[in-house]
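Engineer: Pasting run07.pdb here (PDB, C-alpha atoms):
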```pdb
MODEL        1
ATOM      1  CA  MET A   1     -72.610 -80.077  10.377
ATOM      2  CA  LYS A   2     -75.159 -79.800   7.602
ATOM      3  CA  ILE A   3     -78.127 -82.081   7.068
ATOM      4  CA  GLU A   4     -80.245 -81.672   3.975
ATOM      5  CA  LEU A   5     -82.979 -83.981   2.736
ATOM      6  CA  ASP A   6     -83.824 -84.457  -0.908
ATOM      7  CA  ASN A   7     -87.422 -84.844  -2.131
ATOM      8  CA  ASP A   8     -87.347 -88.656  -1.895
ATOM      9  CA  GLU A   9     -86.129 -88.598   1.700
ATOM     10  CA  ALA A  10     -88.660 -85.958   2.716
ATOM     11  CA  TRP A  11     -91.435 -87.928   1.005
ATOM     12  CA  ASN A  12     -90.395 -91.089   2.903
ATOM     13  CA  LEU A  13     -90.462 -89.128   6.165
ATOM     14  CA  LEU A  14     -93.907 -87.728   5.316
ATOM     15  CA  SER A  15     -95.163 -91.202   4.365
ATOM     16  CA  HIS A  16     -93.969 -92.631   7.658
ATOM     17  CA  ILE A  17     -95.622 -89.848   9.670
ATOM     18  CA  VAL A  18     -98.898 -90.121   7.740
ATOM     19  CA  GLY A  19     -98.857 -93.908   8.158
ATOM     20  CA  ARG A  20     -98.373 -93.588  11.909
ATOM     21  CA  ILE A  21    -101.200 -91.045  12.122
ATOM     22  CA  ILE A  22    -103.559 -93.339  10.241
ATOM     23  CA  GLU A  23    -102.600 -96.360  12.361
ATOM     24  CA  GLU A  24    -102.474 -94.807  15.816
ATOM     25  CA  ILE A  25    -105.151 -92.120  15.873
ATOM     26  CA  GLU A  26    -108.737 -93.220  16.034
ATOM     27  CA  LEU A  27    -110.251 -91.630  12.957
ATOM     28  CA  PRO A  28    -113.368 -92.580  11.032
ATOM     29  CA  ASP A  29    -112.630 -94.567   7.869
ATOM     30  CA  PRO A  30    -113.707 -91.722   5.524
ATOM     31  CA  ASP A  31    -111.163 -89.406   7.198
ATOM     32  CA  LYS A  32    -108.405 -91.985   6.868
ATOM     33  CA  ALA A  33    -109.285 -92.387   3.195
ATOM     34  CA  ARG A  34    -109.212 -88.605   2.740
ATOM     35  CA  ILE A  35    -105.723 -88.429   4.263
ATOM     36  CA  ARG A  36    -104.490 -91.253   2.021
ATOM     37  CA  ARG A  37    -105.997 -89.531  -1.039
ATOM     38  CA  TRP A  38    -104.373 -86.231  -0.095
ATOM     39  CA  LYS A  39    -100.982 -87.938   0.230
ATOM     40  CA  SER A  40    -101.274 -89.823  -3.048
ATOM     41  CA  ASP A  41    -102.820 -86.966  -5.073
ATOM     42  CA  GLU A  42    -101.085 -83.840  -3.800
ATOM     43  CA  MET A  43     -97.927 -84.981  -2.052
ATOM     44  CA  ARG A  44     -96.208 -86.863  -4.867
ATOM     45  CA  VAL A  45     -92.403 -86.862  -4.810
ATOM     46  CA  THR A  46     -92.241 -84.646  -7.902
ATOM     47  CA  SER A  47     -95.018 -82.211  -6.952
ATOM     48  CA  GLN A  48     -94.465 -78.546  -6.173
ATOM     49  CA  GLU A  49     -96.143 -79.032  -2.783
ATOM     50  CA  MET A  50     -93.598 -81.711  -1.865
ATOM     51  CA  ARG A  51     -90.735 -79.413  -2.921
ATOM     52  CA  VAL A  52     -92.136 -76.751  -0.579
ATOM     53  CA  VAL A  53     -92.373 -79.278   2.282
ATOM     54  CA  THR A  54     -88.798 -80.441   1.600
ATOM     55  CA  SER A  55     -87.556 -76.859   1.632
ATOM     56  CA  LYS A  56     -89.357 -76.158   4.913
ATOM     57  CA  ILE A  57     -87.966 -79.325   6.518
ATOM     58  CA  ASN A  58     -84.438 -78.356   5.463
ATOM     59  CA  GLU A  59     -84.851 -74.803   6.777
ATOM     60  CA  ASP A  60     -86.141 -76.098  10.116
ATOM     61  CA  LEU A  61     -83.297 -78.626  10.391
ATOM     62  CA  ALA A  62     -80.707 -75.926   9.682
ATOM     63  CA  THR A  63     -82.264 -73.588  12.253
ATOM     64  CA  SER A  64     -82.413 -76.319  14.874
ATOM     65  CA  LEU A  65     -78.801 -77.374  14.320
ATOM     66  CA  GLU A  66     -77.625 -73.749  14.406
ATOM     67  CA  ARG A  67     -79.487 -73.148  17.671
ATOM     68  CA  LYS A  68     -78.028 -76.316  19.186
ATOM     69  CA  THR A  69     -74.502 -75.304  18.145
ATOM     70  CA  LYS A  70     -74.923 -71.822  19.628
ATOM     71  CA  SER A  71     -76.237 -73.193  22.924
ATOM     72  CA  GLN A  72     -73.247 -75.560  23.185
ATOM     73  CA  LEU A  73     -70.883 -72.658  22.602
ATOM     74  CA  ARG A  74     -72.473 -70.671  25.426
ATOM     75  CA  LYS A  75     -72.504 -73.553  27.929
ATOM     76  CA  PRO A  76     -69.914 -73.062  30.682
ATOM     77  CA  ASP A  77     -67.105 -75.597  30.972
ATOM     78  CA  TRP A  78     -68.024 -76.595  34.529
ATOM     79  CA  ILE A  79     -71.425 -77.999  33.561
TER      80      ILE A  79
ENDMDL
END
```
Would you put the structure from the file into structure tokens?

Structural biologist:
Amino acid sequence: MKIELDNDEAWNLLSHIVGRIIEEIELPDPDKARIRRWKSDEMRVTSQEMRVVTSKINEDLATSLERKTKSQLRKPDWI
């Protein structure tokens, strides 16, 4: 199985995570504003930084799926 996100999907994931951080963690308002500015200024869908994040997410997903597949292959039948 292969899972690969494109830039739009990775940006949506990042937006969701950043939104949850801003909502759930008690941060001063200036820090929340700084995080929002960082997301809107540097982490645009078409930015080089977002392409790097997307690439890293895809690498980590591939590694995780490969590790999971290997561990299933090694698991004895009686378990």

Engineer: Under the PyMOL selection byres ((chain A and resi 5-15) around 9), which residues of this model are included? Write them out as an NGL selection string.

Structural biologist: :A and (3-4 or 16-20 or 39 or 43-46 or 50-51 or 53-55 or 57-58)

Engineer: One number please: CA of Trp38 in chain A to CA of Val52 in chain A, in Å, one decimal.

Structural biologist: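 Straight-line distance from CA of Trp38 in chain A to CA of Val52 in chain A works out to 15.5 Å.
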
Engineer: Can you work out the spacing between CA of Lys2 in chain A and CA of Leu65 in chain A in Å, to one decimal?

Structural biologist: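 Separating CA of Lys2 in chain A from CA of Leu65 in chain A is a distance of 8.0 Å.
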
Engineer: Can you measure CA of Ile21 in chain A to CA of Gln48 in chain A for me? One decimal in Å is fine.

Structural biologist: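 Calculated distance between CA of Ile21 in chain A and CA of Gln48 in chain A is 23.2 Å.
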
Engineer: Using the file's own x, y and z axes, so that the box edges lie along x, y and z, what centre and edge lengths in Å (one decimal) does a box around every listed atom of range 10-26 of chain A get when 5 Å is added on each side? Give it as JSON.

Structural biologist:
```
{"center_x": -98.7, "center_y": -91.2, "center_z": 8.5, "size_x": 30.1, "size_y": 20.4, "size_z": 25.0}
```

Engineer: Some atoms are absent from range 5-19 of chain A, so rebuild N, CA and C atoms and return them as a PDB file, keeping the file's coordinate frame.

Structural biologist:
```pdb
ATOM      1  N   LEU A   5     -82.219 -82.896   3.344  1.00  0.00           N
ATOM      2  CA  LEU A   5     -82.979 -83.981   2.736  1.00  0.00           C
ATOM      3  C   LEU A   5     -83.309 -83.658   1.294  1.00  0.00           C
ATOM      4  N   ASP A   6     -83.317 -84.674   0.440  1.00  0.00           N
ATOM      5  CA  ASP A   6     -83.824 -84.457  -0.908  1.00  0.00           C
ATOM      6  C   ASP A   6     -85.314 -84.802  -0.915  1.00  0.00           C
ATOM      7  N   ASN A   7     -85.966 -84.632  -2.065  1.00  0.00           N
ATOM      8  CA  ASN A   7     -87.422 -84.844  -2.131  1.00  0.00           C
ATOM      9  C   ASN A   7     -87.804 -86.268  -1.769  1.00  0.00           C
ATOM     10  N   ASP A   8     -87.022 -87.256  -2.209  1.00  0.00           N
ATOM     11  CA  ASP A   8     -87.347 -88.656  -1.895  1.00  0.00           C
ATOM     12  C   ASP A   8     -87.289 -88.913  -0.395  1.00  0.00           C
ATOM     13  N   GLU A   9     -86.273 -88.396   0.258  1.00  0.00           N
ATOM     14  CA  GLU A   9     -86.129 -88.598   1.700  1.00  0.00           C
ATOM     15  C   GLU A   9     -87.244 -87.897   2.472  1.00  0.00           C
ATOM     16  N   ALA A  10     -87.573 -86.684   2.055  1.00  0.00           N
ATOM     17  CA  ALA A  10     -88.660 -85.958   2.716  1.00  0.00           C
ATOM     18  C   ALA A  10     -89.994 -86.664   2.484  1.00  0.00           C
ATOM     19  N   TRP A  11     -90.194 -87.213   1.289  1.00  0.00           N
ATOM     20  CA  TRP A  11     -91.435 -87.928   1.005  1.00  0.00           C
ATOM     21  C   TRP A  11     -91.518 -89.188   1.862  1.00  0.00           C
ATOM     22  N   ASN A  12     -90.399 -89.903   2.038  1.00  0.00           N
ATOM     23  CA  ASN A  12     -90.395 -91.089   2.903  1.00  0.00           C
ATOM     24  C   ASN A  12     -90.715 -90.717   4.345  1.00  0.00           C
ATOM     25  N   LEU A  13     -90.157 -89.611   4.810  1.00  0.00           N
ATOM     26  CA  LEU A  13     -90.462 -89.128   6.165  1.00  0.00           C
ATOM     27  C   LEU A  13     -91.953 -88.802   6.286  1.00  0.00           C
ATOM     28  N   LEU A  14     -92.483 -88.072   5.317  1.00  0.00           N
ATOM     29  CA  LEU A  14     -93.907 -87.728   5.316  1.00  0.00           C
ATOM     30  C   LEU A  14     -94.771 -88.986   5.277  1.00  0.00           C
ATOM     31  N   SER A  15     -94.394 -89.956   4.463  1.00  0.00           N
ATOM     32  CA  SER A  15     -95.163 -91.202   4.365  1.00  0.00           C
ATOM     33  C   SER A  15     -95.174 -91.943   5.692  1.00  0.00           C
ATOM     34  N   HIS A  16     -94.042 -91.963   6.355  1.00  0.00           N
ATOM     35  CA  HIS A  16     -93.969 -92.631   7.658  1.00  0.00           C
ATOM     36  C   HIS A  16     -94.867 -91.930   8.678  1.00  0.00           C
ATOM     37  N   ILE A  17     -94.805 -90.613   8.715  1.00  0.00           N
ATOM     38  CA  ILE A  17     -95.622 -89.848   9.670  1.00  0.00           C
ATOM     39  C   ILE A  17     -97.105 -90.037   9.381  1.00  0.00           C
ATOM     40  N   VAL A  18     -97.487 -89.942   8.113  1.00  0.00           N
ATOM     41  CA  VAL A  18     -98.898 -90.121   7.740  1.00  0.00           C
ATOM     42  C   VAL A  18     -99.353 -91.533   8.079  1.00  0.00           C
ATOM     43  N   GLY A  19     -98.511 -92.526   7.823  1.00  0.00           N
ATOM     44  CA  GLY A  19     -98.857 -93.908   8.158  1.00  0.00           C
ATOM     45  C   GLY A  19     -99.084 -94.094   9.642  1.00  0.00           C
TER      46      GLY A  19
END
```
